[in-house]
Amino acid sequence: MTPLQDRKVAARSALHRFSRSTTTTLLGVVIVGYVALGVSSSGTFFEGPSLRTFLQYLATPVLIGLAQMVALSVGQLNLAVGALGGFSACLMGVLMVDAGVPAGLAVLIGVLGATLIGLITGLFIVATRINGFIVTLGTMTILLGAQYRLSGTRTIDGYSATLRDFGRAAPLNIPLVFVTALVSAGLLAAFMYRTVAGRRLLAAGGNPLAAKLSGISTDRQIVLAHTLSGLLIGIAALIATASLPGVNRSVGGDWLLPSFAAPIIGGVALTGGSVAVLGTVLAAFVMRLIDTARAQFSLDPSWVNFLIGVVVLGTVVGGRIHQSHLAKKVVSPGGTPPPAPPEETPRPTAVPTPTGEAR
């Protein structure tokens, strides 16, 4: 075959795989759901103000889903997503309102603070060898207390007009906060798919033993994953602070379930070794459509959470069944174990005689 034919075959193969992927399914669900909501609202959902509001509140689910996805890529769980985001948002608000810190510096402190907490969490997991589930559970409890200490029962508002303008800005009805989330997703995808450090993260999550034998430090990858997760949560806290009329102790309280739902529905394995940036973004889009439908049709919020929980469990169970099916195929493609290779007959060894001749 010529190089051109090879490229055509490879392109057709890639297109075939994409057509059967979770990402394609989610893309279809997004398109159908968006059109259905638009038709049911008599076209109001397609108008500029509705689109702007929809995308504005989609930015945070995208970022927290990506933050959880990075932790899952090394087989870790981050239960402190909501608590860390809420603490960072309240920290920014308190710095601007109570301490009079300029908005730019307050935002920088909040984002870097979240990144630092992610770094410390990763270091603690590596140093103590305690399961990340337990460590992030403890971190969540500490941060919830710190968030309440910062805000108390009040709502912190009246902070920087520039930050609020950023949260409301929407050229061509595309909010800047949503563009920020998409840029973060693009940079994360480039890091995970195109850099050596990103491939090491996936290698450490997919097969820790093989990664160690290849000279990759799995401990460093765990620390890096939690640091990146903290950075993305800090950016989500920035967007929440800019978009909301004020911040209080309830910020981040409803982030935990969406942070897991988006990457799991998007096709990320709980066992580590995989990422799905586009799938996570599309899954966040689907959940935002569900939430919009709840508001439009006055549905009970508990039913929405029930539906999302069922979808997450169904996705996990379906993924496990698919993995078991693939494992059976690898072990026995034809339904029977592969025949053992024939044993070689050992060749006779010449035995030297006392006179030095072989016989």
# chains A, B, ... in the order shown; residues from 1 in each chain; ligands from 1
$ residues_around --residues "stretch 296-310 of chain A" --least-positions-apart "6" --cutoff "9 Å" --atoms "only C-alpha atoms" --output "list in words"
Leu37, Ser41, Leu257, Pro258, Ala261, Met287 and Ile290 of chain A
$ write_last_selection --atoms "C-alpha atoms" --output "compact mmCIF listing (two decimals), in the first residue's frame"
# COMPACT_ATOMS: atom_id res chain seq x y z
CA LEU A 37 -35.38 22.16 25.14
CA SER A 41 -39.62 26.57 25.13
CA LEU A 257 -21.70 14.74 42.75
CA PRO A 258 -21.25 16.66 39.46
CA ALA A 261 -20.57 12.38 37.34
CA MET A 287 -26.01 17.53 33.30
CA ILE A 290 -30.93 18.16 32.82
$ residues_around --residues "A:Thr315" --least-positions-apart "4" --cutoff "12 Å" --atoms "only C-alpha atoms" --output "list in words"
Thr22, Phe260, Ala261, Ala262, Pro263, Ile264, Ile265, Gly266, Gly267, Val268, Ala269, Leu270, Ala283, Ile308, Gly309, Val310, Val311, Gly319, Arg320, Ile321 and His322 of chain A
$ closest_residue --among "A:Leu58, A:Val74, A:Val32, A:Leu232" --to "A:Leu176" --atoms "only C-alpha atoms"
A:Leu58
$ closest_residue --among "A:Val29, A:Ala210, A:Ala83, A:Gln56" --to "A:Gly145" --atoms "only C-alpha atoms"
A:Ala83
$ closest_residue --among "A:Gly75, A:Val317, A:Gly167, A:Ile156" --to "A:Asn131" --atoms "only C-alpha atoms"
A:Gly75
$ residues_around --residues "A:Ser250" --least-positions-apart "5" --cutoff "12 Å" --atoms "only C-alpha atoms" --output "ChimeraX atom specification"
/A:82-83,85-87,89-90,144,147-148,151-156,240,244,255
$ residues_around --residues "A:Leu116" --least-positions-apart "6" --cutoff "10 Å" --atoms "only C-alpha atoms" --output "list in words"
Gly110, Gly122, His226, Thr227, Leu228, Gly230, Leu231 and Gly234 of chain A
$ write_last_selection --atoms "N, CA and C atoms" --output "PDB file, in the first residue's frame"
ATOM      1  N   GLY A 110      -6.175  33.292  45.975  1.00  0.00           N
ATOM      2  CA  GLY A 110      -7.168  32.227  46.048  1.00  0.00           C
ATOM      3  C   GLY A 110      -6.833  31.043  45.163  1.00  0.00           C
ATOM      4  N   GLY A 122      -1.504  15.872  48.118  1.00  0.00           N
ATOM      5  CA  GLY A 122      -0.747  14.821  47.439  1.00  0.00           C
ATOM      6  C   GLY A 122       0.473  14.387  48.221  1.00  0.00           C
ATOM      7  N   HIS A 226      -2.864  15.729  42.174  1.00  0.00           N
ATOM      8  CA  HIS A 226      -3.615  16.503  43.169  1.00  0.00           C
ATOM      9  C   HIS A 226      -3.308  17.994  43.058  1.00  0.00           C
ATOM     10  N   THR A 227      -2.089  18.336  42.661  1.00  0.00           N
ATOM     11  CA  THR A 227      -1.755  19.750  42.454  1.00  0.00           C
ATOM     12  C   THR A 227      -2.550  20.327  41.289  1.00  0.00           C
ATOM     13  N   LEU A 228      -2.597  19.607  40.172  1.00  0.00           N
ATOM     14  CA  LEU A 228      -3.394  20.057  39.023  1.00  0.00           C
ATOM     15  C   LEU A 228      -4.875  20.129  39.375  1.00  0.00           C
ATOM     16  N   GLY A 230      -6.115  20.774  42.310  1.00  0.00           N
ATOM     17  CA  GLY A 230      -6.291  21.980  43.114  1.00  0.00           C
ATOM     18  C   GLY A 230      -6.290  23.238  42.260  1.00  0.00           C
ATOM     19  N   LEU A 231      -5.426  23.282  41.251  1.00  0.00           N
ATOM     20  CA  LEU A 231      -5.381  24.447  40.352  1.00  0.00           C
ATOM     21  C   LEU A 231      -6.705  24.625  39.619  1.00  0.00           C
ATOM     22  N   GLY A 234      -9.287  25.918  41.934  1.00  0.00           N
ATOM     23  CA  GLY A 234      -9.085  27.340  42.172  1.00  0.00           C
ATOM     24  C   GLY A 234      -9.665  28.194  41.058  1.00  0.00           C
TER      25      GLY A 234
END
$ select_by_dssp --residues "stretch 45-186 of chain A" --states "helix (DSSP H, G or I)" --output "PyMOL selection string"
chain A and resi 45-46+48-56+59-73+81-97+103-128+132-151+161-168+171-173+176-186
$ atom_distance --atom1 "atom CA of A:Val62" --atom2 "atom CA of A:Ile233"
10.4 Å
